[in-house]
>>> print(open('coords_10.cif').read())   # mmCIF, C-alpha atoms
data_final
loop_
_atom_site.label_atom_id
_atom_site.label_comp_id
_atom_site.auth_asym_id
_atom_site.auth_seq_id
_atom_site.Cartn_x
_atom_site.Cartn_y
_atom_site.Cartn_z
CA MET A 1 137.82 55.80 77.56
CA LEU A 2 136.28 55.93 81.03
CA ALA A 3 132.72 54.64 81.35
CA THR A 4 130.19 56.83 83.20
CA HIS A 5 128.50 54.97 86.00
CA PRO A 6 124.71 55.38 85.69
CA THR A 7 124.20 55.91 89.43
CA ILE A 8 126.35 59.04 89.34
CA CYS A 9 123.90 60.83 86.97
CA LYS A 10 120.69 60.01 88.84
CA PRO A 11 121.15 62.56 91.67
CA LEU A 12 122.04 65.26 89.15
CA LEU A 13 119.04 64.37 86.99
CA SER A 14 116.72 64.51 89.99
CA PHE A 15 118.11 67.90 90.99
CA LEU A 16 117.58 69.26 87.49
CA ILE A 17 113.98 68.03 87.40
CA ILE A 18 113.22 69.68 90.76
CA PHE A 19 114.96 72.93 89.71
CA VAL A 20 113.12 73.17 86.38
CA SER A 21 109.78 72.39 88.03
CA PHE A 22 110.36 75.08 90.66
CA PHE A 23 111.40 77.56 87.97
CA LEU A 24 108.29 76.92 85.88
CA VAL A 25 105.97 77.28 88.87
CA SER A 26 107.72 80.48 89.96
CA CYS A 27 107.38 81.96 86.49
CA GLN A 28 103.69 81.12 86.36
CA LYS A 29 103.05 82.77 89.72
CA GLY A 30 104.90 85.89 88.62
CA SER A 31 103.47 86.16 85.11
CA GLN A 32 101.99 89.43 83.96
CA ASN A 33 98.62 89.99 82.37
CA GLN A 34 98.75 93.20 80.37
CA LYS A 35 95.73 94.86 78.79
CA THR A 36 95.78 97.99 76.68
CA VAL A 37 92.97 100.20 77.95
CA TYR A 38 93.82 103.27 75.87
CA SER A 39 95.81 103.75 72.68
CA ASN A 40 95.85 106.83 70.46
CA ASN A 41 98.18 107.98 67.68
CA PHE A 42 95.80 110.91 66.94
CA GLU A 43 95.84 110.29 63.20
CA THR A 44 92.02 110.01 63.18
CA SER A 45 91.64 113.21 65.25
CA ASP A 46 90.10 111.18 68.09
CA LEU A 47 89.99 113.27 71.28
CA ILE A 48 87.45 111.17 73.19
CA ASN A 49 88.32 111.01 76.93
CA ILE A 50 90.77 113.92 76.51
CA SER A 51 90.25 117.39 77.95
CA GLY A 52 92.21 120.35 76.63
CA GLY A 53 93.01 118.50 73.42
CA ILE A 54 94.71 120.36 70.54
CA LEU A 55 95.82 118.63 67.34
CA THR A 56 98.70 119.78 65.14
CA ASN A 57 100.70 118.35 62.27
CA PHE A 58 104.41 117.94 62.98
CA ASN A 59 107.01 116.13 60.91
CA ASN A 60 104.30 114.48 58.77
CA THR A 61 102.31 113.10 61.70
CA THR A 62 99.40 114.32 63.83
CA VAL A 63 100.38 115.14 67.41
CA LEU A 64 98.56 116.27 70.54
CA GLY A 65 99.65 119.86 71.12
CA ARG A 66 101.38 122.25 70.87
CA TYR A 67 101.27 123.53 74.44
CA ASN A 68 102.89 126.38 76.36
CA LYS A 69 101.80 127.12 79.94
CA ALA A 70 99.04 124.58 79.29
CA GLY A 71 98.40 120.86 78.86
CA PHE A 72 95.76 118.16 78.61
CA GLY A 73 94.02 115.54 80.73
CA LEU A 74 92.97 111.94 80.07
CA GLN A 75 90.16 110.17 81.93
CA ILE A 76 89.43 106.42 81.57
CA SER A 77 86.83 104.33 83.40
CA ASP A 78 85.84 100.65 83.75
CA LEU A 79 89.40 99.36 83.97
CA PRO A 80 89.88 95.62 84.58
CA ALA A 81 91.32 94.39 87.87
CA HIS A 82 95.00 95.34 88.04
CA GLU A 83 97.92 96.22 90.27
CA LEU A 84 99.89 98.58 88.04
CA VAL A 85 99.36 100.92 85.13
CA GLU A 86 101.96 101.58 82.45
CA ILE A 87 101.88 104.90 80.63
CA SER A 88 103.96 105.37 77.48
CA PHE A 89 104.17 108.11 74.85
CA ASP A 90 106.46 110.08 72.57
CA LEU A 91 107.18 113.54 73.98
CA TYR A 92 108.33 116.26 71.56
CA ILE A 93 110.28 119.21 72.96
CA HIS A 94 110.09 122.07 70.46
CA ASP A 95 112.48 124.97 70.01
CA SER A 96 114.41 126.85 72.71
CA TRP A 97 113.85 125.01 76.01
CA ASP A 98 116.38 126.13 78.62
CA GLY A 99 116.38 123.26 81.10
CA ASN A 100 117.62 124.22 84.57
CA GLY A 101 118.31 127.80 83.50
CA ILE A 102 117.11 130.72 85.60
CA GLU A 103 115.09 133.87 84.82
CA PRO A 104 114.54 135.19 82.22
CA ASP A 105 115.18 131.89 80.40
CA GLY A 106 114.05 129.16 82.78
CA PRO A 107 113.66 126.79 84.42
CA ASP A 108 111.58 125.03 81.76
CA ILE A 109 109.65 122.32 83.59
CA TRP A 110 107.46 119.51 82.24
CA LYS A 111 105.14 117.41 84.43
CA LEU A 112 103.15 114.17 84.45
CA GLU A 113 100.46 113.76 87.11
CA VAL A 114 98.34 110.67 87.81
CA GLU A 115 95.30 111.01 90.07
CA GLY A 116 96.63 114.42 91.13
CA VAL A 117 100.00 113.00 92.22
CA ASN A 118 103.14 114.21 90.47
CA TYR A 119 105.23 111.38 88.99
CA ILE A 120 107.45 113.34 86.60
CA ASN A 121 108.65 116.86 87.39
CA THR A 122 111.65 117.49 85.17
CA THR A 123 113.31 119.96 82.82
CA PHE A 124 114.50 119.67 79.22
CA SER A 125 117.24 121.66 77.52
CA ASN A 126 117.05 121.78 73.74
CA LYS A 127 120.06 124.04 73.15
CA GLU A 128 123.19 122.29 71.98
CA CYS A 129 126.61 123.54 73.02
CA PRO A 130 128.73 125.47 72.00
CA TYR A 131 125.70 127.78 71.78
CA THR A 132 124.39 129.27 75.00
CA CYS A 133 123.07 126.18 76.70
CA PHE A 134 121.82 125.04 80.07
CA PRO A 135 121.83 121.58 81.68
CA GLN A 136 118.59 119.64 82.06
CA SER A 137 117.29 117.42 84.86
CA TYR A 138 115.80 114.63 82.68
CA PRO A 139 115.81 111.67 83.20
CA PHE A 140 115.75 112.74 86.85
CA ASN A 141 113.43 115.18 88.58
CA TYR A 142 114.19 118.88 88.89
CA LEU A 143 116.57 119.91 90.49
CA ASN A 144 118.16 116.59 91.37
CA SER A 145 120.71 116.56 88.58
CA ASN A 146 122.51 118.53 85.89
CA GLN A 147 122.48 116.47 82.69
CA GLN A 148 123.73 117.43 79.24
CA PRO A 149 121.16 119.02 76.91
CA LYS A 150 119.09 116.42 75.02
CA ASN A 151 120.29 113.64 77.34
CA GLY A 152 118.16 110.54 76.72
CA ALA A 153 116.51 111.90 73.57
CA TYR A 154 115.39 109.13 71.18
CA PHE A 155 115.48 111.49 68.18
CA PRO A 156 117.54 114.59 69.07
CA GLN A 157 117.80 116.08 65.56
CA LEU A 158 114.22 116.69 64.46
CA PRO A 159 113.28 120.01 62.82
CA GLY A 160 112.08 122.81 65.03
CA PHE A 161 108.43 123.84 64.99
CA CYS A 162 108.46 127.65 64.97
CA LEU A 163 111.42 129.66 66.24
CA TRP A 164 113.86 127.01 65.03
CA SER A 165 111.80 125.59 62.18
CA ASP A 166 114.81 125.82 59.86
CA ARG A 167 117.20 124.12 62.29
CA SER A 168 118.00 120.42 62.52
CA GLY A 169 117.80 119.66 66.23
CA GLY A 170 115.17 122.32 66.75
CA SER A 171 112.96 119.58 68.25
CA SER A 172 113.85 116.49 70.26
CA MET A 173 111.70 113.42 70.86
CA TYR A 174 111.82 111.43 74.10
CA LYS A 175 110.19 108.03 74.63
CA ILE A 176 108.60 108.12 78.07
CA VAL A 177 107.51 104.96 79.92
CA LYS A 178 106.20 105.13 83.48
CA ARG A 179 104.79 102.32 85.66
CA ILE A 180 102.94 103.17 88.84
CA ARG A 181 100.93 101.28 91.44
CA HIS A 182 97.23 101.68 90.70
CA SER A 183 94.16 99.51 91.34
CA SER A 184 91.15 101.78 90.90
CA ALA A 185 88.55 101.14 88.17
CA SER A 186 89.02 104.73 86.99
CA PHE A 187 92.21 106.43 85.85
CA SER A 188 93.19 110.03 85.18
CA LEU A 189 96.39 111.74 84.11
CA ARG A 190 97.51 115.25 83.27
CA CYS A 191 100.49 116.44 81.26
CA LEU A 192 101.44 120.09 81.66
CA ASP A 193 104.35 122.51 81.72
CA GLU A 194 105.77 125.45 83.61
CA LEU A 195 107.76 127.25 80.92
CA VAL A 196 109.54 130.51 81.75
CA GLN A 197 110.07 133.06 78.96
CA SER A 198 109.87 136.58 80.32
CA ASN A 199 112.05 137.91 77.48
CA THR A 200 109.83 137.11 74.47
CA ALA A 201 106.41 138.20 73.25
CA ASP A 202 105.56 135.06 71.24
CA LYS A 203 105.93 132.40 73.91
CA LEU A 204 104.32 129.55 71.91
CA CYS A 205 106.74 130.09 69.04
CA ASP A 206 109.71 130.30 71.38
CA GLU A 207 109.04 127.08 73.35
CA SER A 208 106.36 124.41 73.18
CA TRP A 209 105.76 120.67 73.45
CA SER A 210 103.53 118.03 71.92
CA LEU A 211 102.84 114.34 72.43
CA ASP A 212 102.10 111.28 70.28
CA ASN A 213 101.39 107.54 70.56
CA LEU A 214 99.78 107.70 74.00
CA ILE A 215 99.20 104.21 75.43
CA VAL A 216 97.87 103.14 78.84
CA LYS A 217 98.08 99.49 79.93
CA THR A 218 96.86 97.76 83.06
CA ILE A 219 99.09 95.06 84.56
CA ASP A 220 97.94 92.26 86.83
CA PHE A 221 100.01 89.43 88.33
CA ASP A 222 98.90 85.81 88.68
#
>>> encode(input="coords_10.cif", output="structure tokens")
Amino acid sequence: MLATHPTICKPLLSFLIIFVSFFLVSCQKGSQNQKTVYSNNFETSDLINISGGILTNFNNTTVLGRYNKAGFGLQISDLPAHELVEISFDLYIHDSWDGNGIEPDGPDIWKLEVEGVNYINTTFSNKECPYTCFPQSYPFNYLNSNQQPKNGAYFPQLPGFCLWSDRSGGSSMYKIVKRIRHSSASFSLRCLDELVQSNTADKLCDESWSLDNLIVKTIDFD
């Protein structure tokens, strides 16, 4: 068996010590401090800081909504020092959304705005082929792509709410997470839609959306 000369390992050991030290320092400088500044699952009917709030029961849980040609706003103040905000929520698309379709069926657009700036402007299609179906833009913005209906849905086979209340897949749930640059002590967002349904009298029953588990976090870097 060959003996390992001790002097051969010393340079390698020194290199490893320097590398690990550099790695640890780099990680510390880039570490994130996250603070939850708003969290609401709406089970206690808490609508503080929310404008345009509507509460409904869907699939055995309380949700914010339903909305059609409407939406809500959230306003938060006294945020800690930060560089980013992270917004996350569960978005429910109910009944017969037609994605990138054209009049009289669509397009069916959903939007997220922060401080008046649009960060999500997309469409959802809730109609599964081989039925009459249209592509959707999500997870991209309208009209940058033609994706399959329900693309990216976390739960694509939930019961419908009204028009398709007896149909599995009548609602789809999407988990939305969005990080944006933000440093102000106040924060505001709006969620709204531009649904097109010129061929039905009961628009809310035909297409609607709701939202649950709304969380806003601030993120700061050391």
>>> atom_distance(input="coords_10.cif", atom1="CA of Leu74 (chain A)", atom2="CA of Tyr38 (chain A)")
9.7 Å
>>> resolve_selection(input="coords_10.cif", expression="the PyMOL selection byres ((chain A and resi 209-217) around 7)", output="ChimeraX atom specification")
/A:34-41,63-67,85-94,208,218-219
>>> closest_residue(input="coords_10.cif", among="A:Asn33, A:Asp193, A:Glu43, A:Ser77", to="Asn57 (chain A)", atoms="only C-alpha atoms")
A:Glu43
>>> residues_around(input="coords_10.cif", residues="Trp110 (chain A)", least_positions_apart="2", cutoff="10 Å", atoms="all atoms listed in the file", output="ChimeraX atom specification")
/A:69,71,93,99,107-108,112,120-124,138,141-142,191-195,209
>>> atom_distance(input="coords_10.cif", atom1="CA of Leu47 (chain A)", atom2="CA of Leu79 (chain A)")
18.8 Å
>>> closest_residue(input="coords_10.cif", among="A:Phe140, A:Phe187, A:Phe221, A:Trp164", to="Glu113 (chain A)", atoms="only C-alpha atoms")
A:Phe187
>>> closest_residue(input="coords_10.cif", among="A:Ala185, A:Phe134, A:Leu163, A:Ser45", to="Asp202 (chain A)", atoms="only C-alpha atoms")
A:Leu163
>>> atom_distance(input="coords_10.cif", atom1="CA of Pro149 (chain A)", atom2="CA of Ser96 (chain A)")
11.2 Å
>>> residues_around(input="coords_10.cif", residues="Ser165 (chain A)", least_positions_apart="3", cutoff="12 Å", atoms="only C-alpha atoms", output="list in words")
Phe58, Asn59, His94, Asp95, Ser96, Gln157, Leu158, Pro159, Gly160, Phe161, Cys162, Ser168, Gly169, Gly170, Ser171, Cys205, Asp206 and Glu207 of chain A
>>> decode(input="coords_10.cif", residues="region 182-196 of chain A", atoms="N, CA and C atoms", output="mmCIF file, in the first residue's frame")
data_model
loop_
_atom_site.group_PDB
_atom_site.id
_atom_site.type_symbol
_atom_site.label_atom_id
_atom_site.label_comp_id
_atom_site.auth_asym_id
_atom_site.auth_seq_id
_atom_site.Cartn_x
_atom_site.Cartn_y
_atom_site.Cartn_z
ATOM 1 N N HIS A 182 -39.773 46.624 -4.433
ATOM 2 C CA HIS A 182 -40.643 47.536 -3.694
ATOM 3 C C HIS A 182 -39.926 47.930 -2.423
ATOM 4 N N SER A 183 -39.929 49.219 -2.075
ATOM 5 C CA SER A 183 -39.230 49.670 -0.868
ATOM 6 C C SER A 183 -40.028 50.669 -0.045
ATOM 7 N N SER A 184 -41.216 51.029 -0.509
ATOM 8 C CA SER A 184 -42.030 52.010 0.201
ATOM 9 C C SER A 184 -42.595 51.427 1.497
ATOM 10 N N ALA A 185 -42.903 52.305 2.454
ATOM 11 C CA ALA A 185 -43.492 51.875 3.724
ATOM 12 C C ALA A 185 -44.966 51.526 3.582
ATOM 13 N N SER A 186 -45.570 51.895 2.454
ATOM 14 C CA SER A 186 -46.963 51.533 2.195
ATOM 15 C C SER A 186 -47.026 50.637 0.962
ATOM 16 N N PHE A 187 -48.079 49.847 0.895
ATOM 17 C CA PHE A 187 -48.215 48.871 -0.191
ATOM 18 C C PHE A 187 -49.680 48.761 -0.579
ATOM 19 N N SER A 188 -49.932 48.701 -1.883
ATOM 20 C CA SER A 188 -51.309 48.509 -2.346
ATOM 21 C C SER A 188 -51.316 47.580 -3.556
ATOM 22 N N LEU A 189 -52.337 46.742 -3.618
ATOM 23 C CA LEU A 189 -52.537 45.891 -4.787
ATOM 24 C C LEU A 189 -54.003 45.867 -5.159
ATOM 25 N N ARG A 190 -54.259 45.510 -6.409
ATOM 26 C CA ARG A 190 -55.620 45.295 -6.902
ATOM 27 C C ARG A 190 -55.642 44.033 -7.735
ATOM 28 N N CYS A 191 -56.682 43.240 -7.571
ATOM 29 C CA CYS A 191 -56.943 42.090 -8.424
ATOM 30 C C CYS A 191 -58.294 42.333 -9.102
ATOM 31 N N LEU A 192 -58.330 42.168 -10.405
ATOM 32 C CA LEU A 192 -59.544 42.480 -11.157
ATOM 33 C C LEU A 192 -59.583 41.659 -12.442
ATOM 34 N N ASP A 193 -60.698 41.750 -13.148
ATOM 35 C CA ASP A 193 -60.844 40.982 -14.383
ATOM 36 C C ASP A 193 -61.440 41.844 -15.478
ATOM 37 N N GLU A 194 -61.293 41.345 -16.700
ATOM 38 C CA GLU A 194 -61.989 41.886 -17.868
ATOM 39 C C GLU A 194 -62.598 40.698 -18.608
ATOM 40 N N LEU A 195 -63.718 40.222 -18.094
ATOM 41 C CA LEU A 195 -64.394 39.060 -18.675
ATOM 42 C C LEU A 195 -65.356 39.507 -19.772
ATOM 43 N N VAL A 196 -65.395 38.742 -20.855
ATOM 44 C CA VAL A 196 -66.262 39.056 -21.996
ATOM 45 C C VAL A 196 -67.294 37.946 -22.140
#
